[in-house]
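Student: Please read through the structure below; I'll follow up with questions.
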Amino acid sequence: TLYYIPLLPLYRLSKNPKRRQAVQLLQSVCCYLYHIAGISYYRQRDTYLFWMYEMVSDWITSDDENEETPIYLAEIKQAEQIGDFMEQKIYNHHNLTHFKEHLKNFKAKDSFDNDCFMLARKIFSLYQQYPNATIYQNLQSNTETEEYESDTIVSMEKYISFCAKGKGLLFQTLFEAVNSEFQECTTMEEPIVIKTFDGSNITNNNLDFENRLFPLIEELIYILNNF
């Protein structure tokens with residue numbers, strides 16, 4: 001599963017004055033995922049998806065033009081410009097400090113609003129219970145493996161990230177390129193808890209946070225792709 005959270009739909013949603021409260025909630029959710037949970041953003045140069053978007057853009061601009069080229073170029077420009085704008089939006093800590101207030105004042109008008117509210121409430125509850133937890137907190141790394149076989153590992157930031165959108169020619173090409181890369185890999189990084197039964201105290205570490213967060217990310221992706 002690629003946990004790619006599309007932000008262009010949230011931008012479009014923000015242009016609808018009737019969805020102001022829903023947008024506030026979803027921006028609070030994304031702000032939490034960005035700042036606290038540690039999900040990477042595709043417009044940051046050191047991220048995997050930034051590199052993949054760049055690579056796909058290079059393919060398109062270096063190929064001979066065809067009828068799809070203008071569509072690709074428009075989608076690339078949109079992904080860059082709106083992506084930079086939306087990062088500023090979800091970067092704002094105001095979204096986190098007023099998260100509870102947005103929930104308290106929210107009044108759902110229809111099923112979409114209700115879906116946004118229910119998701120945001122679950123995310124906020126998780127944030128309250130695990131205020132400093134990140135998606136990497138139970139990642140067990142092997143330094144030797146990372147050094148010599150990094151190209152064969154699907155690291156978490158490669159399959160969990162914000163992206164531009166989950167539809168269109170650009171995303172389809174990106175999706176195919178990512179999957180093609182992953183097929184060459186032999187290992188996938190996932191959260192793991194190791195308990196050692198050697199007479200010492202057994203840790204209380206568990207994967208409750210991850211088991212609750214990952215389905216909520218999928219739910220967020222579904223809402224943004226289908227509103």
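By convention in this document, the chains of the structure tokens carry letters A, B, ... by their order, each chain's residues are numbered from 1, and ligands are numbered from 1 in the order they are shown.
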Hey, what's within 10 Å of range 79-83 of chain A if we count only C-alpha atoms and toss same-chain stuff fewer than 4 positions away? As a VMD selection string, please?
Tutor: chain A and resid 6 to 8 11 to 12 41 to 43 50 53 73 to 75 87 to 89 162 to 165 170 to 171
Student: Could you save those same residues with N, CA and C atoms as an mmCIF file, in the first residue's frame?
Tutor:
data_model
loop_
_atom_site.group_PDB
_atom_site.id
_atom_site.type_symbol
_atom_site.label_atom_id
_atom_site.label_comp_id
_atom_site.auth_asym_id
_atom_site.auth_seq_id
_atom_site.Cartn_x
_atom_site.Cartn_y
_atom_site.Cartn_z
ATOM 1 N N PRO A 6 -2.925 13.079 -0.866
ATOM 2 C CA PRO A 6 -2.988 14.139 -1.884
ATOM 3 C C PRO A 6 -3.454 15.464 -1.302
ATOM 4 N N LEU A 7 -2.762 16.556 -1.661
ATOM 5 C CA LEU A 7 -3.103 17.856 -1.098
ATOM 6 C C LEU A 7 -3.763 18.821 -2.094
ATOM 7 N N LEU A 8 -3.694 18.524 -3.385
ATOM 8 C CA LEU A 8 -4.399 19.379 -4.342
ATOM 9 C C LEU A 8 -5.911 19.338 -4.133
ATOM 10 N N TYR A 11 -6.724 21.790 -1.498
ATOM 11 C CA TYR A 11 -6.658 23.148 -2.041
ATOM 12 C C TYR A 11 -7.960 23.494 -2.752
ATOM 13 N N ARG A 12 -8.446 22.581 -3.597
ATOM 14 C CA ARG A 12 -9.710 22.816 -4.309
ATOM 15 C C ARG A 12 -10.866 22.982 -3.323
ATOM 16 N N TYR A 41 7.105 15.484 3.074
ATOM 17 C CA TYR A 41 6.357 16.314 2.124
ATOM 18 C C TYR A 41 7.090 16.334 0.785
ATOM 19 N N TYR A 42 6.343 16.089 -0.280
ATOM 20 C CA TYR A 42 6.960 15.845 -1.590
ATOM 21 C C TYR A 42 7.678 17.048 -2.203
ATOM 22 N N ARG A 43 7.505 18.237 -1.647
ATOM 23 C CA ARG A 43 8.195 19.404 -2.185
ATOM 24 C C ARG A 43 9.512 19.683 -1.466
ATOM 25 N N PHE A 50 10.067 13.874 -3.896
ATOM 26 C CA PHE A 50 10.591 15.026 -4.634
ATOM 27 C C PHE A 50 11.453 14.529 -5.791
ATOM 28 N N TYR A 53 9.215 12.847 -8.502
ATOM 29 C CA TYR A 53 8.522 13.851 -9.326
ATOM 30 C C TYR A 53 9.495 14.504 -10.304
ATOM 31 N N LEU A 73 2.601 18.746 -18.532
ATOM 32 C CA LEU A 73 3.285 19.973 -18.117
ATOM 33 C C LEU A 73 2.399 20.817 -17.197
ATOM 34 N N ALA A 74 1.099 20.853 -17.502
ATOM 35 C CA ALA A 74 0.170 21.605 -16.658
ATOM 36 C C ALA A 74 0.073 20.961 -15.270
ATOM 37 N N GLU A 75 0.047 19.634 -15.226
ATOM 38 C CA GLU A 75 -0.048 18.927 -13.949
ATOM 39 C C GLU A 75 1.238 19.083 -13.131
ATOM 40 N N GLU A 87 1.957 23.534 1.492
ATOM 41 C CA GLU A 87 2.917 23.253 2.574
ATOM 42 C C GLU A 87 2.921 24.405 3.580
ATOM 43 N N GLN A 88 2.836 25.628 3.074
ATOM 44 C CA GLN A 88 2.767 26.782 3.980
ATOM 45 C C GLN A 88 1.521 26.708 4.853
ATOM 46 N N LYS A 89 0.428 26.259 4.264
ATOM 47 C CA LYS A 89 -0.837 26.158 5.002
ATOM 48 C C LYS A 89 -0.745 25.148 6.138
ATOM 49 N N PHE A 162 3.156 12.918 1.822
ATOM 50 C CA PHE A 162 2.199 13.787 1.145
ATOM 51 C C PHE A 162 2.566 13.801 -0.338
ATOM 52 N N CYS A 163 1.562 13.954 -1.194
ATOM 53 C CA CYS A 163 1.823 14.047 -2.634
ATOM 54 C C CYS A 163 0.914 15.125 -3.212
ATOM 55 N N ALA A 164 0.980 15.330 -4.524
ATOM 56 C CA ALA A 164 0.158 16.365 -5.152
ATOM 57 C C ALA A 164 -1.296 15.909 -5.234
ATOM 58 N N LYS A 165 -1.541 14.889 -6.036
ATOM 59 C CA LYS A 165 -2.884 14.322 -6.093
ATOM 60 C C LYS A 165 -2.804 12.858 -6.508
ATOM 61 N N LEU A 170 0.007 12.510 -14.536
ATOM 62 C CA LEU A 170 1.259 12.633 -13.794
ATOM 63 C C LEU A 170 1.327 11.614 -12.666
ATOM 64 N N PHE A 171 0.238 11.508 -11.892
ATOM 65 C CA PHE A 171 0.256 10.559 -10.777
ATOM 66 C C PHE A 171 0.345 9.128 -11.285
#
Student: Check range 23-184 of chain A with DSSP on the backbone and list each residue it calls strand (DSSP E), as a list in words.
Tutor: Ser40, Tyr41, Ile153, Val154, Ile160, Ser161, Phe162 and Cys163 of chain A
Student: For the structure I just gave you, how does DSSP split range 104-180 of chain A - specifically, which residues are alpha helix (DSSP H)? Reply as an MDAnalysis selection string.
Tutor: chainID A and resid 104:105 111:129 143:149 156:159 169:180
Student: May I ask which of the residues A:Phe112, A:Ser62, A:Arg45, A:Met52 is the closest one to Asp84 in chain A, counting only C-alpha atoms?
Tutor: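 Once distances to Asp84 in chain A are computed over only C-alpha atoms, the minimum belongs to A:Arg45.
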Student: So which residues touch Ala133 in chain A within 7 Å, counting only C-alpha atoms, skipping near sequence neighbours fewer than 2 positions away, as a VMD selection string?
Tutor: chain A and resid 36 to 37 130 to 131 135 137
Student: For Ala120 in chain A, which of A:Val178, A:Glu68, A:Lys104, A:Gln183 is the closest residue, counting only C-alpha atoms?
Tutor: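 Distance minimum relative to Ala120 in chain A lands on A:Lys104.
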Student: Could you pull the residues within 7 Å of range 15-22 of chain A, counting only C-alpha atoms, minus those fewer than 3 positions along the same chain, as a VMD selection string?
Tutor: chain A and resid 11 to 12 25 to 26 106 113 116
Student: Would you list the contacts of Gln128 in chain A as a ChimeraX atom specification, taking every protein, DNA or RNA residue within 12 Å and counting only C-alpha atoms, but skipping same-chain residues closer than 2 positions in sequence?
Tutor: /A:32,36,96,99-100,121-126,130-133,209
Student: Quick one: residues within 9 Å of Thr187 in chain A, only C-alpha atoms counted, chain neighbours fewer than 3 positions away excluded, as a ChimeraX atom specification?
Tutor: /A:152-155
